[in-house]
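What follows is my_file-v7.txt (compact mmCIF, C-alpha atoms).
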```
# COMPACT_ATOMS: atom_id res chain seq x y z
CA MET A 300 160.20 143.28 123.88
CA LYS A 301 158.61 142.65 120.48
CA ASN A 302 159.15 138.93 120.86
CA GLN A 303 157.60 138.92 124.29
CA LEU A 304 154.52 140.72 122.97
CA GLN A 305 154.19 138.26 120.10
CA ARG A 306 154.45 135.36 122.47
CA ALA A 307 151.87 136.88 124.79
CA VAL A 308 149.43 137.48 121.90
CA GLY A 309 150.11 134.02 120.56
CA GLY A 310 149.37 132.55 123.95
CA VAL A 311 146.05 134.35 124.20
CA LEU A 312 145.08 133.25 120.69
CA ALA A 313 145.95 129.66 121.44
CA ALA A 314 143.86 129.84 124.60
CA CYS A 315 140.93 131.27 122.61
CA ALA A 316 141.22 128.53 120.01
CA ALA A 317 141.24 125.88 122.70
CA LEU A 318 138.20 127.43 124.32
CA ALA A 319 136.35 127.65 121.00
CA THR A 320 136.97 123.99 120.18
CA PHE A 321 135.90 123.01 123.64
CA SER A 322 132.67 125.00 123.59
CA THR A 323 131.49 123.78 120.14
CA GLY A 324 132.17 120.25 121.28
CA VAL A 325 130.01 120.79 124.34
CA THR A 326 127.22 122.47 122.33
CA ALA A 327 127.02 119.68 119.75
CA GLN A 328 126.98 117.03 122.45
CA SER A 329 124.37 118.73 124.58
CA ALA A 330 122.21 119.40 121.50
CA VAL A 331 122.21 115.68 120.72
CA ASP A 332 121.37 114.95 124.36
CA GLU A 333 118.62 117.54 124.34
CA ILE A 334 117.10 116.02 121.19
CA ALA A 335 117.22 112.59 122.81
CA LYS A 336 115.53 114.01 125.90
CA TYR A 337 112.89 115.70 123.74
CA ARG A 338 112.14 112.40 121.96
CA GLN A 339 111.91 110.66 125.33
CA GLN A 340 109.34 113.16 126.57
CA LEU A 341 107.26 112.83 123.42
CA GLN A 342 107.29 109.03 123.50
CA ASP A 343 104.42 108.89 125.94
CA GLY A 344 101.99 110.96 123.94
CA ASN A 345 102.86 109.87 120.42
CA PRO A 346 100.10 111.18 118.12
CA ALA A 347 100.75 108.12 115.92
CA ASP A 348 98.13 106.57 118.25
CA LEU A 349 95.52 108.67 116.48
CA TRP A 350 96.54 107.20 113.11
CA GLU A 351 96.55 103.70 114.57
CA ALA A 352 93.01 104.16 115.86
CA ARG A 353 91.79 105.46 112.50
CA GLY A 354 93.66 102.68 110.69
CA GLU A 355 92.03 100.02 112.84
CA GLY A 356 88.63 101.42 111.93
CA LEU A 357 89.51 101.37 108.22
CA TRP A 358 90.88 97.84 108.52
CA LYS A 359 87.60 96.47 109.86
CA GLN A 360 85.30 98.61 107.75
CA LYS A 361 83.65 97.18 104.63
CA ARG A 362 85.09 99.31 101.86
CA GLY A 363 85.06 99.89 98.14
CA PRO A 364 82.53 98.98 95.43
CA LYS A 365 82.60 95.35 96.57
CA GLY A 366 82.14 96.22 100.23
CA VAL A 367 84.91 93.99 101.56
CA SER A 368 87.07 94.65 104.61
CA PHE A 369 90.81 94.04 104.90
CA GLU A 370 90.06 91.05 107.09
CA ARG A 371 90.21 88.94 103.93
CA CYS A 372 93.51 90.42 102.83
CA ASP A 373 96.47 88.05 103.11
CA LEU A 374 99.61 89.91 104.11
CA GLY A 375 101.79 86.86 104.27
CA LYS A 376 100.50 85.11 107.39
CA GLY A 377 97.04 84.22 106.14
CA PRO A 378 93.91 86.31 105.47
CA GLY A 379 93.42 89.06 108.02
CA VAL A 380 96.40 88.08 110.19
CA VAL A 381 98.10 91.24 111.37
CA LYS A 382 100.19 90.16 114.37
CA GLY A 383 103.88 90.11 113.52
CA ALA A 384 103.27 90.12 109.77
CA TYR A 385 105.10 93.37 109.13
CA ALA A 386 108.38 91.99 110.50
CA GLU A 387 108.49 89.56 107.55
CA MET A 388 107.78 92.10 104.83
CA PRO A 389 108.59 92.77 102.02
CA ARG A 390 107.98 89.22 100.83
CA TYR A 391 107.01 87.28 97.73
CA PHE A 392 103.29 86.80 97.12
CA ALA A 393 102.41 83.93 94.81
CA ASP A 394 98.98 85.34 93.86
CA ALA A 395 100.59 88.46 92.41
CA ASP A 396 103.85 86.72 91.41
CA ARG A 397 105.97 89.54 92.76
CA VAL A 398 107.65 90.86 95.89
CA MET A 399 105.52 93.40 97.75
CA ASP A 400 106.02 95.70 100.68
CA LEU A 401 103.15 96.58 103.03
CA GLU A 402 101.81 99.58 101.12
CA THR A 403 101.93 97.72 97.80
CA ARG A 404 100.07 94.79 99.32
CA LEU A 405 97.39 97.09 100.79
CA VAL A 406 96.86 98.63 97.36
CA HIS A 407 96.76 95.14 95.87
CA CYS A 408 93.95 94.11 98.25
CA MET A 409 92.09 97.38 97.66
CA VAL A 410 92.13 96.68 93.91
CA THR A 411 91.61 92.90 93.77
CA GLN A 412 89.28 92.43 96.74
CA GLN A 413 87.59 95.74 97.47
CA GLY A 414 87.11 96.70 93.83
CA PHE A 415 88.87 100.08 93.80
CA THR A 416 90.65 101.13 90.63
CA GLN A 417 94.44 101.36 90.83
CA ALA A 418 94.16 105.14 90.43
CA ASP A 419 91.67 105.45 93.31
CA ALA A 420 93.70 103.21 95.58
CA THR A 421 96.89 105.21 95.07
CA LYS A 422 95.25 108.63 94.89
CA ARG A 423 96.60 109.87 98.19
CA PRO A 424 99.66 107.95 99.35
CA PHE A 425 100.80 110.72 101.71
CA GLY A 426 98.49 112.95 103.73
CA ALA A 427 98.68 116.72 104.06
CA GLY A 428 96.55 118.40 106.71
CA SER A 429 92.88 117.81 106.05
CA ASP A 430 93.66 115.70 102.94
CA ARG A 431 94.24 112.59 104.93
CA SER A 432 95.76 109.41 103.60
CA ASP A 433 93.99 106.15 104.37
CA ILE A 434 97.15 104.26 103.48
CA GLU A 435 99.13 106.06 106.18
CA ALA A 436 96.49 105.23 108.78
CA LEU A 437 96.29 101.58 107.72
CA THR A 438 100.08 101.37 107.80
CA ALA A 439 100.16 102.82 111.32
CA TYR A 440 97.66 100.24 112.56
CA PHE A 441 99.28 97.32 110.78
CA THR A 442 102.87 98.06 111.79
CA ALA A 443 101.88 98.70 115.43
CA GLU A 444 100.70 95.09 115.54
CA SER A 445 104.31 94.01 114.99
CA LYS A 446 105.75 96.08 117.81
CA GLY A 447 108.37 94.08 119.68
CA VAL A 448 108.53 91.34 117.02
CA HIS A 449 112.01 90.66 115.67
CA MET A 450 112.63 91.55 112.05
CA ASN A 451 112.80 88.41 109.95
CA VAL A 452 112.91 89.02 106.21
CA ALA A 453 113.77 85.57 104.97
CA LEU A 454 114.71 86.01 101.29
CA ASN A 455 113.72 82.43 100.46
CA HIS A 456 112.22 83.04 97.06
CA ALA A 457 114.39 83.85 94.04
CA LYS A 458 112.44 87.05 93.43
CA GLU A 459 113.09 88.20 97.00
CA LYS A 460 116.81 87.67 96.49
CA GLU A 461 116.60 89.55 93.21
CA ALA A 462 114.82 92.47 94.90
CA TYR A 463 117.49 92.58 97.58
CA ARG A 464 120.28 92.64 94.99
CA LEU A 465 118.54 95.41 93.05
CA GLY A 466 118.00 97.40 96.24
CA GLU A 467 121.64 97.03 97.20
CA LYS A 468 122.72 98.23 93.78
CA MET A 469 120.43 101.25 94.03
CA PHE A 470 121.70 102.10 97.49
CA PHE A 471 125.24 102.53 96.18
CA PHE A 472 124.30 103.87 92.75
CA ARG A 473 125.45 107.44 92.19
CA GLY A 474 123.37 109.61 89.89
CA GLY A 475 121.25 112.71 89.44
CA SER A 476 122.32 116.32 89.11
CA HIS A 477 124.25 116.14 92.40
CA ASP A 478 125.98 112.80 91.71
CA PHE A 479 124.42 111.39 94.86
CA ALA A 480 123.83 107.89 96.15
CA CYS A 481 121.94 106.82 99.27
CA ALA A 482 125.38 105.80 100.53
CA THR A 483 126.66 109.37 100.20
CA CYS A 484 124.74 110.33 103.34
CA HIS A 485 124.11 106.91 104.87
CA GLY A 486 127.43 105.14 104.31
CA GLU A 487 129.49 106.60 107.14
CA THR A 488 129.01 106.89 110.88
CA GLY A 489 128.71 110.32 112.49
CA LYS A 490 127.38 112.25 109.48
CA ARG A 491 124.61 114.76 109.88
CA ILE A 492 122.51 117.33 108.03
CA ARG A 493 122.44 120.44 110.20
CA LEU A 494 121.74 118.98 113.65
CA GLN A 495 120.03 115.88 112.36
CA ASP A 496 122.17 112.79 112.81
CA LEU A 497 122.10 110.46 109.84
CA PRO A 498 122.06 106.72 110.43
CA ASN A 499 124.83 104.70 108.82
CA LEU A 500 122.80 102.11 106.94
CA THR A 501 125.82 100.04 105.96
CA ASP A 502 126.38 99.32 109.63
CA LYS A 503 124.24 96.58 111.23
CA ALA A 504 123.19 98.59 114.30
CA GLY A 505 122.52 101.72 112.24
CA ALA A 506 120.38 99.84 109.73
CA GLN A 507 118.42 98.16 112.52
CA THR A 508 117.67 101.35 114.43
CA ALA A 509 116.69 103.22 111.29
CA TYR A 510 114.40 100.61 109.78
CA THR A 511 112.64 99.58 112.98
CA THR A 512 111.59 103.18 113.78
CA TRP A 513 109.53 103.75 110.61
CA PRO A 514 106.65 104.58 110.18
CA ALA A 515 106.94 107.60 112.45
CA TYR A 516 105.00 110.66 113.48
CA ARG A 517 106.98 113.67 112.29
CA VAL A 518 106.41 116.48 114.77
CA SER A 519 107.65 119.09 112.28
CA GLN A 520 105.01 118.01 109.76
CA GLY A 521 102.25 116.94 112.12
CA GLU A 522 101.82 113.80 110.03
CA LEU A 523 102.46 110.11 110.31
CA ARG A 524 104.95 109.09 107.64
CA THR A 525 105.43 105.65 106.13
CA PHE A 526 108.56 103.99 104.82
CA GLN A 527 107.40 104.67 101.24
CA TRP A 528 107.32 108.35 102.17
CA ARG A 529 110.80 108.16 103.69
CA LEU A 530 112.27 106.75 100.48
CA ASN A 531 110.28 109.16 98.33
CA ASP A 532 111.63 112.13 100.25
CA CYS A 533 115.20 110.78 100.17
CA PHE A 534 114.91 110.63 96.38
CA ARG A 535 113.71 114.23 96.32
CA GLN A 536 116.60 115.33 98.52
CA GLN A 537 119.03 113.58 96.19
CA ARG A 538 117.46 115.36 93.17
CA PHE A 539 116.55 111.97 91.72
CA PRO A 540 113.48 111.45 89.53
CA GLU A 541 110.37 110.99 91.67
CA LEU A 542 110.19 107.55 93.19
CA GLY A 543 106.91 106.01 92.05
CA PHE A 544 104.60 104.99 94.91
CA THR A 545 104.73 101.17 95.27
CA SER A 546 107.17 101.01 92.31
CA GLU A 547 109.54 98.09 91.85
CA ALA A 548 112.43 100.38 92.78
CA SER A 549 110.82 101.39 96.08
CA ILE A 550 110.09 97.76 96.97
CA ALA A 551 113.65 96.69 96.10
CA LEU A 552 115.19 99.39 98.32
CA THR A 553 112.79 98.52 101.15
CA THR A 554 113.71 94.82 100.81
CA PHE A 555 117.41 95.69 101.03
CA LEU A 556 116.97 97.88 104.11
CA ALA A 557 114.46 95.59 105.85
CA ARG A 558 116.66 92.54 105.40
CA ASN A 559 119.65 94.41 106.84
CA ALA A 560 117.59 95.13 109.96
CA ASN A 561 116.97 91.41 110.58
CA GLY A 562 117.21 90.38 114.22
CA ALA A 563 116.22 93.73 115.71
CA ALA A 564 112.93 94.21 117.56
CA PHE A 565 110.48 96.29 115.55
CA ASN A 566 109.66 99.49 117.42
CA ALA A 567 107.31 101.66 115.38
CA PRO A 568 105.22 103.74 114.84
CA ALA A 569 107.84 105.94 116.44
CA ILE A 570 108.07 109.68 116.90
CA LYS A 571 110.66 111.87 115.22
CA ARG A 572 111.35 115.58 115.30
CA MET B 288 83.17 115.25 113.21
CA ALA B 289 86.53 115.22 114.86
CA ASP B 290 88.35 111.98 115.56
CA PRO B 291 88.04 110.49 119.04
CA MET B 292 90.58 111.30 121.74
CA ARG B 293 92.82 108.67 123.21
CA ILE B 294 92.49 108.77 126.98
CA ARG B 295 94.46 106.68 129.44
CA ALA B 296 93.91 107.02 133.18
CA THR B 297 95.66 105.12 135.94
CA SER B 298 95.12 105.39 139.67
CA LYS B 299 97.87 104.78 142.21
CA ASP B 300 98.09 105.65 145.91
CA GLY B 301 95.07 107.95 145.78
CA LEU B 302 96.40 109.89 142.82
CA THR B 303 95.01 109.52 139.31
CA ASN B 304 97.21 110.19 136.33
CA VAL B 305 95.40 111.09 133.09
CA LYS B 306 96.94 111.21 129.63
CA VAL B 307 94.92 112.62 126.77
CA LEU B 308 95.83 112.74 123.11
CA MET B 309 93.55 114.93 120.98
CA SER B 310 93.25 114.98 117.22
CA HIS B 311 93.09 118.59 116.11
CA GLU B 312 94.63 120.80 113.42
CA MET B 313 95.37 123.69 115.84
CA GLU B 314 95.72 126.32 113.12
CA THR B 315 97.08 129.59 114.47
CA GLY B 316 95.48 131.82 111.84
CA GLN B 317 98.90 133.22 110.95
CA ARG B 318 99.90 130.70 108.33
CA LYS B 319 99.40 131.20 104.61
CA ASP B 320 98.54 128.45 102.15
CA GLY B 321 100.13 127.82 98.74
CA SER B 322 98.14 130.60 97.09
CA GLY B 323 99.05 133.19 99.75
CA LYS B 324 95.69 133.20 101.50
CA ILE B 325 95.61 133.09 105.27
CA VAL B 326 94.59 129.73 106.69
CA PRO B 327 91.77 130.57 109.12
CA ALA B 328 92.45 130.07 112.82
CA HIS B 329 91.08 126.82 114.15
CA PHE B 330 92.16 125.77 117.61
CA ILE B 331 90.90 124.31 120.86
CA GLN B 332 89.87 127.00 123.34
CA ASN B 333 88.50 125.15 126.30
CA VAL B 334 89.34 121.81 127.83
CA THR B 335 87.54 120.34 130.81
CA ALA B 336 87.94 117.04 132.56
CA THR B 337 85.25 115.73 134.87
CA TYR B 338 85.21 112.86 137.31
CA ASN B 339 81.86 111.81 138.80
CA GLY B 340 80.30 115.04 137.60
CA LYS B 341 82.95 117.14 139.30
CA THR B 342 85.37 119.22 137.25
CA VAL B 343 88.93 118.17 138.02
CA LEU B 344 90.61 120.21 135.31
CA SER B 345 89.58 123.26 133.36
CA ALA B 346 91.92 124.93 130.90
CA GLN B 347 91.83 127.75 128.38
CA TRP B 348 94.02 127.12 125.39
CA GLY B 349 95.24 129.29 122.57
CA PRO B 350 96.90 128.97 119.16
CA ALA B 351 100.32 128.35 120.73
CA VAL B 352 99.40 124.75 121.55
CA SER B 353 100.73 122.22 119.03
CA LYS B 354 98.83 120.20 116.47
CA ASN B 355 97.42 116.93 117.86
CA PRO B 356 97.96 118.07 121.46
CA PHE B 357 98.95 115.80 124.30
CA LEU B 358 97.80 116.65 127.82
CA GLU B 359 98.84 114.94 131.03
CA PHE B 360 97.62 115.82 134.51
CA ASN B 361 97.06 114.34 137.97
CA PHE B 362 94.20 114.72 140.39
CA LYS B 363 93.62 113.48 143.91
CA GLY B 364 91.16 110.65 144.30
CA GLY B 365 89.67 108.56 141.53
CA GLN B 366 88.60 104.95 141.91
CA LYS B 367 89.63 102.18 139.54
CA GLY B 368 86.80 101.37 137.14
CA ASP B 369 85.24 104.82 137.41
CA LYS B 370 85.07 106.99 134.35
CA ILE B 371 86.91 110.17 133.55
CA GLN B 372 85.38 112.42 130.93
CA VAL B 373 87.26 114.95 128.80
CA THR B 374 85.68 117.63 126.61
CA TRP B 375 87.22 120.15 124.28
CA THR B 376 85.59 123.05 122.47
CA ASP B 377 87.30 124.92 119.66
CA ASN B 378 86.94 128.46 118.30
CA LYS B 379 84.51 127.27 115.60
CA GLY B 380 82.21 125.86 118.26
CA GLU B 381 83.04 122.26 117.45
CA LYS B 382 83.01 120.00 120.43
CA ARG B 383 84.15 116.55 121.32
CA THR B 384 83.67 114.50 124.48
CA ASP B 385 85.27 111.16 125.22
CA GLU B 386 85.58 109.05 128.31
CA ALA B 387 87.77 106.29 129.64
CA ALA B 388 87.74 104.00 132.63
CA ILE B 389 90.43 104.49 135.25
CA SER B 390 92.66 101.45 135.55
```
Could you take the file, read its structure, and then write that structure out as structure tokens?
Amino acid sequence: MKNQLQRAVGGVLAACAALATFSTGVTAQSAVDEIAKYRQQLQDGNPADLWEARGEGLWKQKRGPKGVSFERCDLGKGPGVVKGAYAEMPRYFADADRVMDLETRLVHCMVTQQGFTQADATKRPFGAGSDRSDIEALTAYFTAESKGVHMNVALNHAKEKEAYRLGEKMFFFRGGSHDFACATCHGETGKRIRLQDLPNLTDKAGAQTAYTTWPAYRVSQGELRTFQWRLNDCFRQQRFPELGFTSEASIALTTFLARNANGAAFNAPAIKR
Amino acid sequence: MADPMRIRATSKDGLTNVKVLMSHEMETGQRKDGSGKIVPAHFIQNVTATYNGKTVLSAQWGPAVSKNPFLEFNFKGGQKGDKIQVTWTDNKGEKRTDEAAIS
């Protein structure tokens, strides 16, 4: 009698356990599907368009003490050429004798051609509400002109190769109060923070999808965010020292991640939750 | 002055589809800033769309609408090349009108 009861209870428990596993599986899957559906719906009315429009205006406007527009700024494909240029960045620029990513190059042109001081040019790298960032708008416009172009970071110059190596080292370097590396979160497939899936950046497809969808409009922040912002916030989440805007470290990491996305069609500014 | 809207309008089989992206803070008036002070409400209250002087859409909005709102609607009629005009007015009396040609 006792045995029978135990077996009956055991059977019910086993059934419950099976049901529980089944239902969490379904919830997680449908949540991912729902997020994908949500992104799909937003795609059509991506507010990044507003940043692109403002960025285009800033690009053509005569700015700074010298009253020069960005149309004289060489971003790797000749002065003022925007089409497809982002897909080949970061790259080495002989006039500055260093590797630069897009934001760094924009600041460079603002300082050398438009006559801004370095401090003025980098005053507001990331916008917040009514304190808008010109760099974010310019980035939105510039990157949109590379939409559909295949990523092609060549690494021809020795300094480009050096930046890549440094970026790779940083990606796997564990440090900070939490003994974290970029690879801690982005080195395995199927990891997530709460419901947010994390891309595996050591995997070709993961690296391509991640890199080609930045900059992005973040719905939760109501702002367009650049790749410099993405890295800056990753550093904050890892409890690392603040990543300097347009610092050598940020350019090296960008070079590493951009190069790993080679071959994929660029698809930003995107929209993210 | 507020940033311009992005308006796209396409006509197909006698039906015109209009997509509007507006640049607006859409503050609810319930949020507090870093120093604990309430951020004053600032949101779009009225939206109207006109085609050839005739109102084809009129809407009353409130603080529940998201920042940088996106609006999509259809109306019957609308010739390619004609203009569709969209206007919003917010609770501070600010106003913005933009137009786009139907393609």
Within 7 Å of chain A, which residues of chain B show up? Give each one with its shortest atom-to-atom distance in Å (one decimal) and the two atoms involved, counting only C-alpha atoms, rows by chain then rising residue number, as a Markdown table.
```
| residue | atom | partner | partner_atom | distance |
| --- | --- | --- | --- | --- |
| B:Leu308 | CA | A:Gly344 | CA | 6.5 |
| B:Ser310 | CA | A:Leu349 | CA | 6.7 |
| B:Lys354 | CA | A:Gly521 | CA | 6.4 |
| B:Asn355 | CA | A:Pro346 | CA | 6.3 |
| B:Phe357 | CA | A:Gly344 | CA | 5.7 |
```
Exercise. Within 8 Å of segment 337-343 of chain B, counting only C-alpha atoms, which residues qualify if same-chain residues fewer than 2 places away don't, as an MDAnalysis selection string?
Worked result: chainID B and resid 335 345 362 365 369:373
For this session: For each of A:Ala393, A:Leu357, A:Cys481, A:Cys372, take the minimum atom-to-atom distance to Val410 of chain A, counting all atoms listed in the file, then give the residue where this is smallest.
Result: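 Smallest distance to Val410 of chain A is found for A:Cys372.
Nearest-residue note for Asn304 of chain B: choosing from B:Trp375, B:Gln317, B:Leu358, B:Gly380, the minimum distance belongs to B:Leu358, counting all atoms listed in the file.
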For this session: Could you please determine the separation between atom CA of Glu387 of chain A and atom CA of Leu405 of chain A in Å, to one decimal place?
Result: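 These atoms are spaced 15.0 Å apart.
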For this session: Check the smallest atom-to-atom distance from each of A:Ile334, A:Arg397, A:Phe369, A:Pro364 to Lys460 of chain A using all atoms listed in the file, then report the winner.
Result: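 Of the candidates, the smallest distance to Lys460 of chain A is held by A:Arg397.
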Problem set entry | Selected residue, from A:Thr438, A:Gln536, A:Thr508, A:Gln342, that lies nearest to Ala564 of chain A when counting only C-alpha atoms |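 Closest candidate: A:Thr508.
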Exercise. Looking at A:Arg535, A:Arg558, A:Lys382, A:Lys365, which one is nearest to Val452 of chain A, with distances taken over all atoms listed in the file?
Worked result: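 Ranking A:Arg535, A:Arg558, A:Lys382, A:Lys365 by distance to Val452 of chain A, first place goes to A:Arg558.
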With only C-alpha atoms counted, which protein, DNA or RNA residues have an atom no more than 8 Å from (86.6, 111.1, 118.2) in the file frame? Please answer as a PDB file with C-alpha atoms, keeping the file's coordinate frame.
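selection_5.pdb, written as the output of this step:
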```
ATOM      1  CA  MET B 288      83.170 115.250 113.210  1.00  0.00           C
ATOM      2  CA  ALA B 289      86.530 115.220 114.860  1.00  0.00           C
ATOM      3  CA  ASP B 290      88.350 111.980 115.560  1.00  0.00           C
ATOM      4  CA  PRO B 291      88.040 110.490 119.040  1.00  0.00           C
ATOM      5  CA  MET B 292      90.580 111.300 121.740  1.00  0.00           C
ATOM      6  CA  SER B 310      93.250 114.980 117.220  1.00  0.00           C
ATOM      7  CA  ARG B 383      84.150 116.550 121.320  1.00  0.00           C
ATOM      8  CA  THR B 384      83.670 114.500 124.480  1.00  0.00           C
ATOM      9  CA  ASP B 385      85.270 111.160 125.220  1.00  0.00           C
TER      10      ASP B 385
END
```
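At a cut-off of 12 Å from (127.1, 105.7, 108.8), the residue set is Cys481, Ala482, Thr483, Cys484, His485, Gly486, Glu487, Thr488, Gly489, Lys490, Arg491, Asp496, Leu497, Pro498, Asn499, Leu500, Thr501, Asp502, Lys503, Ala504, Gly505, Ala506, Thr508 and Ala509 of chain A (counting only C-alpha atoms).
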Keeping only C-alpha atoms, write the selected residues as an mmCIF file, keeping the file's coordinate frame.
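Listing of result-v5.cif after writing:
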```
data_model
loop_
_atom_site.group_PDB
_atom_site.id
_atom_site.type_symbol
_atom_site.label_atom_id
_atom_site.label_comp_id
_atom_site.auth_asym_id
_atom_site.auth_seq_id
_atom_site.Cartn_x
_atom_site.Cartn_y
_atom_site.Cartn_z
ATOM 1 C CA CYS A 481 121.940 106.820 99.270
ATOM 2 C CA ALA A 482 125.380 105.800 100.530
ATOM 3 C CA THR A 483 126.660 109.370 100.200
ATOM 4 C CA CYS A 484 124.740 110.330 103.340
ATOM 5 C CA HIS A 485 124.110 106.910 104.870
ATOM 6 C CA GLY A 486 127.430 105.140 104.310
ATOM 7 C CA GLU A 487 129.490 106.600 107.140
ATOM 8 C CA THR A 488 129.010 106.890 110.880
ATOM 9 C CA GLY A 489 128.710 110.320 112.490
ATOM 10 C CA LYS A 490 127.380 112.250 109.480
ATOM 11 C CA ARG A 491 124.610 114.760 109.880
ATOM 12 C CA ASP A 496 122.170 112.790 112.810
ATOM 13 C CA LEU A 497 122.100 110.460 109.840
ATOM 14 C CA PRO A 498 122.060 106.720 110.430
ATOM 15 C CA ASN A 499 124.830 104.700 108.820
ATOM 16 C CA LEU A 500 122.800 102.110 106.940
ATOM 17 C CA THR A 501 125.820 100.040 105.960
ATOM 18 C CA ASP A 502 126.380 99.320 109.630
ATOM 19 C CA LYS A 503 124.240 96.580 111.230
ATOM 20 C CA ALA A 504 123.190 98.590 114.300
ATOM 21 C CA GLY A 505 122.520 101.720 112.240
ATOM 22 C CA ALA A 506 120.380 99.840 109.730
ATOM 23 C CA THR A 508 117.670 101.350 114.430
ATOM 24 C CA ALA A 509 116.690 103.220 111.290
#
```
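A straight line drawn from atom CA of Val381 of chain A to atom CA of Arg423 of chain A is 22.9 Å long.
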Problem set entry | Distance criterion (only C-alpha atoms): nearest to Val307 of chain B out of B:Pro356, B:Pro327, B:Gly321, B:Pro350 |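 With only C-alpha atoms as the atom set, the closest residue is B:Pro356.
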Exercise. Got a sec: who's within 6 Å of segment 359-363 of chain A, counting only C-alpha atoms, leaving out chain neighbours fewer than 4 positions off, as a list of chain:residue names?
Worked result: A:Val367, A:Ser368, A:Gln413, A:Gly414, A:Phe415
Those residues you just picked out, can you put them in a file as a compact mmCIF listing (two decimals), in the frame of the given file with C-alpha atoms?
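Result file follows (result-v1.txt):
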```
# COMPACT_ATOMS: atom_id res chain seq x y z
CA VAL A 367 84.91 93.99 101.56
CA SER A 368 87.07 94.65 104.61
CA GLN A 413 87.59 95.74 97.47
CA GLY A 414 87.11 96.70 93.83
CA PHE A 415 88.87 100.08 93.80
```
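In this model, the gap between atom CA of Ala336 of chain B and atom CA of Glu351 of chain A comes to 24.0 Å.
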